[in-house]
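Dumped model-v4.tsv below, it's TSV, C-alpha atoms and all ligand atoms:
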chain	number	residue	atom	x	y	z
A	51	MET	CA	-109.08	-43.94	-1.92
A	52	PRO	CA	-109.28	-45.58	-5.36
A	53	ASP	CA	-111.69	-48.49	-5.47
A	54	PRO	CA	-110.41	-50.78	-8.22
A	55	ASN	CA	-112.59	-53.23	-10.12
A	56	PRO	CA	-110.11	-55.83	-11.40
A	57	ALA	CA	-112.78	-57.83	-13.27
A	58	VAL	CA	-113.72	-54.80	-15.39
A	59	MET	CA	-110.07	-53.93	-15.94
A	60	ASP	CA	-109.32	-57.48	-17.01
A	61	PHE	CA	-112.26	-57.32	-19.42
A	62	LEU	CA	-110.96	-54.07	-20.92
A	63	LEU	CA	-107.42	-55.42	-21.22
A	64	THR	CA	-108.56	-58.50	-23.13
A	65	ARG	CA	-111.68	-57.37	-25.00
A	66	ARG	CA	-111.73	-57.81	-28.76
A	67	SER	CA	-114.05	-58.16	-31.69
A	68	ARG	CA	-114.99	-61.43	-33.32
A	69	PRO	CA	-115.06	-61.58	-37.15
A	70	ALA	CA	-118.66	-61.11	-38.29
A	71	ARG	CA	-118.57	-64.14	-40.60
A	72	THR	CA	-117.76	-66.44	-37.64
A	73	LEU	CA	-120.81	-65.38	-35.62
A	74	THR	CA	-123.82	-67.66	-35.52
A	75	LEU	CA	-127.05	-68.38	-33.63
A	76	PRO	CA	-128.19	-67.86	-30.96
A	77	VAL	CA	-128.35	-64.08	-30.95
A	78	PRO	CA	-129.66	-61.98	-28.06
A	79	GLY	CA	-133.43	-61.97	-27.67
A	80	ARG	CA	-135.38	-58.72	-27.49
A	81	GLU	CA	-135.05	-58.20	-23.72
A	82	GLN	CA	-131.36	-58.97	-23.71
A	83	LEU	CA	-130.76	-56.79	-26.75
A	84	LEU	CA	-132.53	-53.87	-25.09
A	85	ARG	CA	-130.27	-54.34	-22.08
A	86	ILE	CA	-127.22	-54.29	-24.37
A	87	LEU	CA	-128.50	-51.16	-26.15
A	88	THR	CA	-129.22	-49.50	-22.79
A	89	ALA	CA	-125.58	-50.00	-21.86
A	90	ALA	CA	-124.46	-48.86	-25.32
A	91	VAL	CA	-126.00	-45.39	-24.98
A	92	ARG	CA	-124.45	-44.83	-21.58
A	93	VAL	CA	-121.71	-42.74	-23.15
A	94	PRO	CA	-120.40	-39.19	-22.89
A	95	ASP	CA	-122.71	-36.92	-24.91
A	96	HIS	CA	-121.75	-33.23	-24.79
A	97	GLY	CA	-124.93	-31.17	-24.53
A	98	LYS	CA	-127.10	-34.27	-24.01
A	99	LEU	CA	-128.10	-34.16	-27.66
A	100	GLU	CA	-128.44	-37.92	-28.19
A	101	PRO	CA	-127.02	-37.53	-31.70
A	102	TRP	CA	-127.40	-41.24	-32.42
A	103	ARG	CA	-130.05	-43.92	-32.76
A	104	PHE	CA	-130.27	-47.63	-33.61
A	105	VAL	CA	-131.93	-49.58	-36.39
A	106	VAL	CA	-132.24	-53.27	-35.44
A	107	LEU	CA	-131.86	-55.66	-38.35
A	108	ASP	CA	-133.22	-59.13	-37.66
A	109	LYS	CA	-133.06	-61.99	-40.15
A	110	PRO	CA	-135.99	-60.97	-42.39
A	111	ALA	CA	-134.64	-57.41	-42.60
A	112	LEU	CA	-131.12	-58.72	-43.29
A	113	ASP	CA	-132.48	-60.89	-46.12
A	114	ARG	CA	-134.20	-57.86	-47.64
A	115	LEU	CA	-131.02	-55.79	-47.34
A	116	ALA	CA	-128.98	-58.58	-48.96
A	117	ARG	CA	-131.33	-58.51	-51.96
A	118	LEU	CA	-131.01	-54.74	-52.15
A	119	ALA	CA	-127.19	-54.92	-51.92
A	120	ALA	CA	-127.15	-57.47	-54.77
A	121	VAL	CA	-128.86	-54.86	-56.95
A	122	ARG	CA	-126.96	-51.84	-55.68
A	123	GLY	CA	-123.48	-53.33	-56.19
A	124	PRO	CA	-123.65	-53.51	-60.00
A	125	ALA	CA	-125.78	-50.35	-60.14
A	126	THR	CA	-122.95	-48.40	-58.49
A	127	GLY	CA	-120.18	-49.91	-60.62
A	128	ARG	CA	-118.91	-52.47	-58.14
A	129	ASP	CA	-117.47	-55.72	-59.48
A	130	ALA	CA	-118.77	-59.17	-58.58
A	131	GLU	CA	-116.34	-59.58	-55.68
A	132	GLN	CA	-117.14	-56.23	-54.10
A	133	THR	CA	-120.85	-56.85	-54.54
A	134	ALA	CA	-120.61	-60.31	-52.99
A	135	LYS	CA	-118.72	-58.89	-50.01
A	136	GLY	CA	-121.45	-56.32	-49.44
A	137	VAL	CA	-124.21	-58.92	-49.79
A	138	ALA	CA	-122.37	-61.28	-47.41
A	139	GLN	CA	-122.38	-58.65	-44.69
A	140	PHE	CA	-126.14	-59.18	-44.51
A	141	THR	CA	-126.43	-62.89	-45.39
A	142	ASP	CA	-123.69	-63.90	-42.91
A	143	SER	CA	-125.44	-62.13	-40.04
A	144	ASN	CA	-128.35	-63.15	-37.84
A	145	LEU	CA	-128.57	-59.85	-35.98
A	146	THR	CA	-127.10	-56.47	-36.88
A	147	ILE	CA	-127.48	-53.10	-35.25
A	148	ALA	CA	-127.07	-50.08	-37.49
A	149	VAL	CA	-125.71	-47.26	-35.33
A	150	VAL	CA	-127.00	-44.10	-36.94
A	151	LYS	CA	-125.66	-40.56	-36.55
A	152	ARG	CA	-128.62	-38.16	-36.33
A	153	PRO	CA	-128.39	-34.52	-37.31
A	154	CYS	CA	-128.80	-32.25	-34.30
A	155	SER	CA	-129.22	-28.57	-34.93
A	156	THR	CA	-127.15	-26.77	-32.35
A	157	GLU	CA	-124.46	-24.15	-32.60
A	158	LYS	CA	-123.13	-24.99	-29.17
A	159	ILE	CA	-121.78	-28.49	-29.76
A	160	PRO	CA	-119.45	-29.03	-32.74
A	161	GLU	CA	-120.45	-31.78	-35.17
A	162	ILE	CA	-117.16	-33.59	-34.53
A	163	GLU	CA	-118.05	-34.00	-30.86
A	164	GLN	CA	-121.38	-35.55	-31.84
A	165	VAL	CA	-119.53	-37.93	-34.17
A	166	LEU	CA	-117.12	-38.86	-31.38
A	167	SER	CA	-120.07	-39.65	-29.11
A	168	THR	CA	-121.51	-41.86	-31.86
A	169	GLY	CA	-118.22	-43.75	-32.07
A	170	ALA	CA	-118.37	-44.19	-28.31
A	171	VAL	CA	-121.81	-45.78	-28.71
A	172	CYS	CA	-120.38	-48.25	-31.24
A	173	VAL	CA	-117.51	-49.29	-28.96
A	174	THR	CA	-119.75	-49.55	-25.93
A	175	LEU	CA	-122.15	-51.69	-27.95
A	176	LEU	CA	-119.26	-54.07	-28.76
A	177	ASN	CA	-118.30	-54.20	-25.10
A	178	ALA	CA	-121.85	-54.63	-23.81
A	179	ALA	CA	-122.42	-57.50	-26.23
A	180	ALA	CA	-119.18	-59.12	-25.09
A	181	ALA	CA	-120.17	-58.66	-21.45
A	182	GLU	CA	-123.41	-60.52	-22.20
A	183	GLY	CA	-121.43	-63.33	-23.81
A	184	TYR	CA	-121.81	-62.49	-27.49
A	185	GLY	CA	-119.25	-61.80	-30.18
A	186	ALA	CA	-119.58	-58.54	-32.06
A	187	ASN	CA	-117.95	-56.79	-34.99
A	188	TRP	CA	-118.16	-53.13	-36.10
A	189	LEU	CA	-118.11	-52.96	-39.89
A	190	THR	CA	-118.97	-50.36	-42.49
A	191	GLY	CA	-118.01	-51.16	-46.09
A	192	TRP	CA	-119.80	-49.77	-49.12
A	193	VAL	CA	-123.21	-51.04	-48.00
A	194	ALA	CA	-123.11	-48.71	-44.99
A	195	SER	CA	-122.84	-45.59	-47.12
A	196	ASP	CA	-124.86	-46.55	-50.19
A	197	GLU	CA	-127.54	-43.91	-50.60
A	198	VAL	CA	-130.34	-46.28	-51.59
A	199	ILE	CA	-129.51	-48.91	-48.97
A	200	CYS	CA	-129.54	-46.16	-46.33
A	201	ARG	CA	-132.76	-44.53	-47.51
A	202	GLU	CA	-134.85	-47.50	-48.64
A	203	GLY	CA	-133.17	-50.36	-46.77
A	204	LEU	CA	-132.62	-48.72	-43.39
A	205	CYS	CA	-135.28	-45.98	-43.68
A	206	LEU	CA	-132.78	-43.25	-42.74
A	207	GLN	CA	-133.99	-39.66	-42.76
A	208	PRO	CA	-132.21	-36.82	-44.57
A	209	GLY	CA	-128.97	-35.94	-42.78
A	210	GLU	CA	-128.67	-39.31	-41.07
A	211	TRP	CA	-125.77	-41.67	-41.82
A	212	VAL	CA	-124.51	-45.05	-40.65
A	213	ALA	CA	-121.58	-44.93	-38.22
A	214	GLY	CA	-121.44	-48.68	-37.99
A	215	LEU	CA	-123.12	-51.94	-38.77
A	216	VAL	CA	-122.48	-53.87	-35.58
A	217	HIS	CA	-123.01	-57.59	-36.10
A	218	LEU	CA	-123.85	-59.66	-33.01
A	219	GLY	CA	-123.91	-63.41	-32.47
A	220	THR	CA	-122.48	-66.45	-30.80
A	221	GLU	CA	-118.83	-67.03	-31.50
A	222	THR	CA	-117.75	-70.23	-33.24
A	223	SER	CA	-114.00	-69.66	-33.22
A	224	VAL	CA	-111.48	-67.30	-31.70
A	225	PRO	CA	-108.82	-66.30	-34.21
A	226	PRO	CA	-105.46	-65.06	-32.93
A	227	ASP	CA	-105.54	-61.55	-31.53
A	228	ARG	CA	-104.18	-58.79	-33.74
A	229	PRO	CA	-101.06	-56.89	-32.70
A	230	ARG	CA	-101.92	-54.14	-30.26
A	231	PRO	CA	-100.45	-50.64	-30.25
A	232	ASP	CA	-96.98	-50.07	-28.81
A	233	LEU	CA	-97.45	-47.48	-26.06
A	234	GLU	CA	-93.80	-46.45	-26.44
A	235	LYS	CA	-94.79	-44.99	-29.81
A	236	ILE	CA	-98.01	-43.23	-28.88
A	237	VAL	CA	-97.59	-41.95	-25.34
A	238	THR	CA	-95.63	-38.85	-24.46
A	239	TRP	CA	-95.69	-36.83	-21.29
A	240	ALA	CA	-96.08	-33.13	-21.95
A	241	PRO	CA	-93.29	-31.02	-20.50
A	242	ALA	CA	-93.92	-29.19	-17.25
B	301	LIG	C1	-115.55	-47.10	-38.20
B	301	LIG	C2	-114.98	-48.48	-38.42
B	301	LIG	C3	-115.36	-49.19	-39.55
B	301	LIG	C4	-114.82	-50.45	-39.81
B	301	LIG	N1	-115.21	-51.11	-40.94
B	301	LIG	C5	-114.64	-52.29	-41.24
B	301	LIG	C6	-114.99	-52.96	-42.44
B	301	LIG	O1	-115.84	-52.51	-43.21
B	301	LIG	N2	-114.38	-54.15	-42.71
B	301	LIG	C7	-113.45	-54.69	-41.85
B	301	LIG	O2	-112.91	-55.76	-42.14
B	301	LIG	N3	-113.13	-54.08	-40.68
B	301	LIG	C8	-113.70	-52.90	-40.37
B	301	LIG	N4	-113.38	-52.27	-39.19
B	301	LIG	C9	-112.45	-52.92	-38.25
B	301	LIG	C10	-113.17	-54.01	-37.45
B	301	LIG	O3	-114.10	-53.44	-36.55
B	301	LIG	C11	-112.12	-54.82	-36.72
B	301	LIG	O4	-112.67	-56.06	-36.53
B	301	LIG	C12	-111.66	-54.17	-35.43
B	301	LIG	O5	-110.64	-53.25	-35.72
B	301	LIG	C13	-111.19	-55.17	-34.39
B	301	LIG	O6	-110.74	-54.48	-33.22
B	301	LIG	P1	-110.92	-55.07	-31.75
B	301	LIG	O7	-110.56	-56.50	-31.81
B	301	LIG	O8	-110.02	-54.23	-30.90
B	301	LIG	O9	-112.36	-54.88	-31.34
B	301	LIG	C14	-113.92	-51.02	-38.90
B	301	LIG	C15	-113.56	-50.32	-37.72
B	301	LIG	C16	-114.09	-49.07	-37.49
B	301	LIG	C17	-113.69	-48.33	-36.23

Before we go any further, please render this structure as structure tokens.
Amino acid sequence: MPDPNPAVMDFLLTRRSRPARTLTLPVPGREQLLRILTAAVRVPDHGKLEPWRFVVLDKPALDRLARLAAVRGPATGRDAEQTAKGVAQFTDSNLTIAVVKRPCSTEKIPEIEQVLSTGAVCVTLLNAAAAEGYGANWLTGWVASDEVICREGLCLQPGEWVAGLVHLGTETSVPPDRPRPDLEKIVTWAPA
């Protein structure tokens, strides 16, 4: 017999991100963060490759990355507004987790399946943070793919890339929910 868990279903039916710029202190401490990250990697992973890893950015690291973004914006031809937006991603945050896709040499598991597993880690990280009472927001933007920020700022190795900068913190406001998909438009039953 099915054994429903209405509390989890209710969570899934109402879960949502919180805008990164509205998140503030306190952020999860080390023990609580490790618990959140433990939940985040409990995802389907074809071939058990673990094609992902985390880089934790606390405030001193975020300050350093903000300074680097302020240099990299103009250096890559971005205007003042684009640069400021990239810098703000780090200055607005008190705790960010960079979810990193790792290269895994295997001919058995297609790269796209490894990428899908990495996306699953990002979503589960959002949900685990929410379950622990924190707001979270999965962002990328130009700072997540800038070569120098990735190499020097996040210490990524060759072949690694950022799937998401997931910002965590305490929510200060709850903006209206965004419209959710209309199932009438996206669900079909395949013919017998
Ligand atoms: C891979 C990925 C990258 C994203 N990057 C950005 C971004 O750079 N800026 C932004 O405003 N939203 C970005 N978003 C969307 C935010 O995560 C947005 O808050 C999210 O769609 C809210 O959905 P939810 O409320 O269902 O969690 C991104 C989403 C994904 C999946």

TODO: Have a look at A:Pro56, A:Pro69, A:Gly127, A:Pro153 and name the one nearest to ligand LIG 301 (chain B); count all atoms listed in the file.
DONE: A:Pro69

Task: Option closest in space to ligand LIG 301 (chain B), from A:Val58, A:Ala70, A:Ala148, A:Val171 [counting only C-alpha atoms and all ligand atoms] - done: A:Ala70

Centre and edge lengths, as AutoDock Vina command-line options, for the axis-aligned box enclosing every listed atom of ligand LIG 301 (chain B) with 3 Å of padding on each of the six sides, in Å to one decimal?
--center_x -112.9 --center_y -51.8 --center_z -37.1 --size_x 11.8 --size_y 15.4 --size_z 18.3

Open item on the list: Could you list the protein, DNA and RNA residues that have any atom within 6 Å of ligand LIG 301 (chain B), counting all atoms listed in the file, and write them as a PyMOL selection string?
Closed with: chain A and resi 66-67+187-191

- [ ] Find the distance between atom CA of Leu75 of chain A and atom CA of Asn144 of chain A and write it in Å to one decimal.
- [x]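 Distance between the two atoms: 6.8 Å.
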
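Atom CA of Thr220 of chain A lies 28.6 Å from atom CA of Gly123 of chain A.
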
TODO: Work out how far atom CA of Lys98 of chain A is from atom CA of Arg152 of chain A, in Å to one decimal.
DONE: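 Going from atom CA of Arg152 of chain A over to atom CA of Lys98 of chain A covers 13.0 Å.
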
TODO: Identify the residues within 12 Å of coordinate (-130.4, -65.3, -33.6) (same frame as the file), considering all atoms listed in the file, and give the answer as a ChimeraX atom specification.
DONE: /A:73-80,82-83,107-110,112,142-146,184,217-221

Using only C-alpha atoms, which protein or nucleic acid residues come within 10 Å of Ser167 of chain A? Drop anything in the same chain fewer than 2 positions from it, and give the result as a PDB file with C-alpha atoms, keeping the file's coordinate frame.
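out10.pdb, written as the output of this step:
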ATOM      1  CA  VAL A  91    -126.000 -45.390 -24.980  1.00  0.00           C
ATOM      2  CA  VAL A  93    -121.710 -42.740 -23.150  1.00  0.00           C
ATOM      3  CA  PRO A  94    -120.400 -39.190 -22.890  1.00  0.00           C
ATOM      4  CA  ASP A  95    -122.710 -36.920 -24.910  1.00  0.00           C
ATOM      5  CA  HIS A  96    -121.750 -33.230 -24.790  1.00  0.00           C
ATOM      6  CA  LEU A  99    -128.100 -34.160 -27.660  1.00  0.00           C
ATOM      7  CA  GLU A 100    -128.440 -37.920 -28.190  1.00  0.00           C
ATOM      8  CA  PRO A 101    -127.020 -37.530 -31.700  1.00  0.00           C
ATOM      9  CA  TRP A 102    -127.400 -41.240 -32.420  1.00  0.00           C
ATOM     10  CA  LYS A 151    -125.660 -40.560 -36.550  1.00  0.00           C
ATOM     11  CA  GLU A 161    -120.450 -31.780 -35.170  1.00  0.00           C
ATOM     12  CA  ILE A 162    -117.160 -33.590 -34.530  1.00  0.00           C
ATOM     13  CA  GLU A 163    -118.050 -34.000 -30.860  1.00  0.00           C
ATOM     14  CA  GLN A 164    -121.380 -35.550 -31.840  1.00  0.00           C
ATOM     15  CA  VAL A 165    -119.530 -37.930 -34.170  1.00  0.00           C
ATOM     16  CA  GLY A 169    -118.220 -43.750 -32.070  1.00  0.00           C
ATOM     17  CA  ALA A 170    -118.370 -44.190 -28.310  1.00  0.00           C
ATOM     18  CA  VAL A 171    -121.810 -45.780 -28.710  1.00  0.00           C
ATOM     19  CA  CYS A 172    -120.380 -48.250 -31.240  1.00  0.00           C
ATOM     20  CA  VAL A 173    -117.510 -49.290 -28.960  1.00  0.00           C
TER      21      VAL A 173
END

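Nearest residue to Gly136 of chain A, choosing from A:Leu62, A:Leu215, A:Ala186, A:Ala240 and counting only C-alpha atoms: A:Leu215.
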
TODO: Rank nothing, just name the residue among A:Val106, A:Val137, A:Ala178, A:Ala90 nearest to Trp192 of chain A, using only C-alpha atoms.
DONE: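 The answer is A:Val137, which sits nearest to Trp192 of chain A.
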
TODO: Determine the nearest neighbour of Ala138 of chain A from the options A:Thr64, A:Ser195, A:Thr238, A:Thr72, counting all atoms listed in the file.
DONE: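 Of all the options, A:Thr72 lies closest to Ala138 of chain A.
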
Open item on the list: Using all atoms listed in the file, can you tell me which of A:Asp196, A:Glu157, A:Asp113, A:Asp60 comes closest to Thr126 of chain A?
Closed with: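 Using all atoms listed in the file, Thr126 of chain A sits closest to A:Asp196.
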
Open item on the list: Report as a PyMOL selection string all protein, DNA and RNA residues lying within 8 Å of Arg92 of chain A, evaluated on only C-alpha atoms, omitting residues in the same chain fewer than 3 positions from it.
Closed with: chain A and resi 88-89+171+174

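Residues with any atom within 12 Å of Glu202 of chain A, counting only C-alpha atoms and excluding same-chain neighbours fewer than 6 positions away, are Ala111, Arg114, Leu115, Leu118, Ala119, Arg122, Asp196 and Pro208 of chain A.
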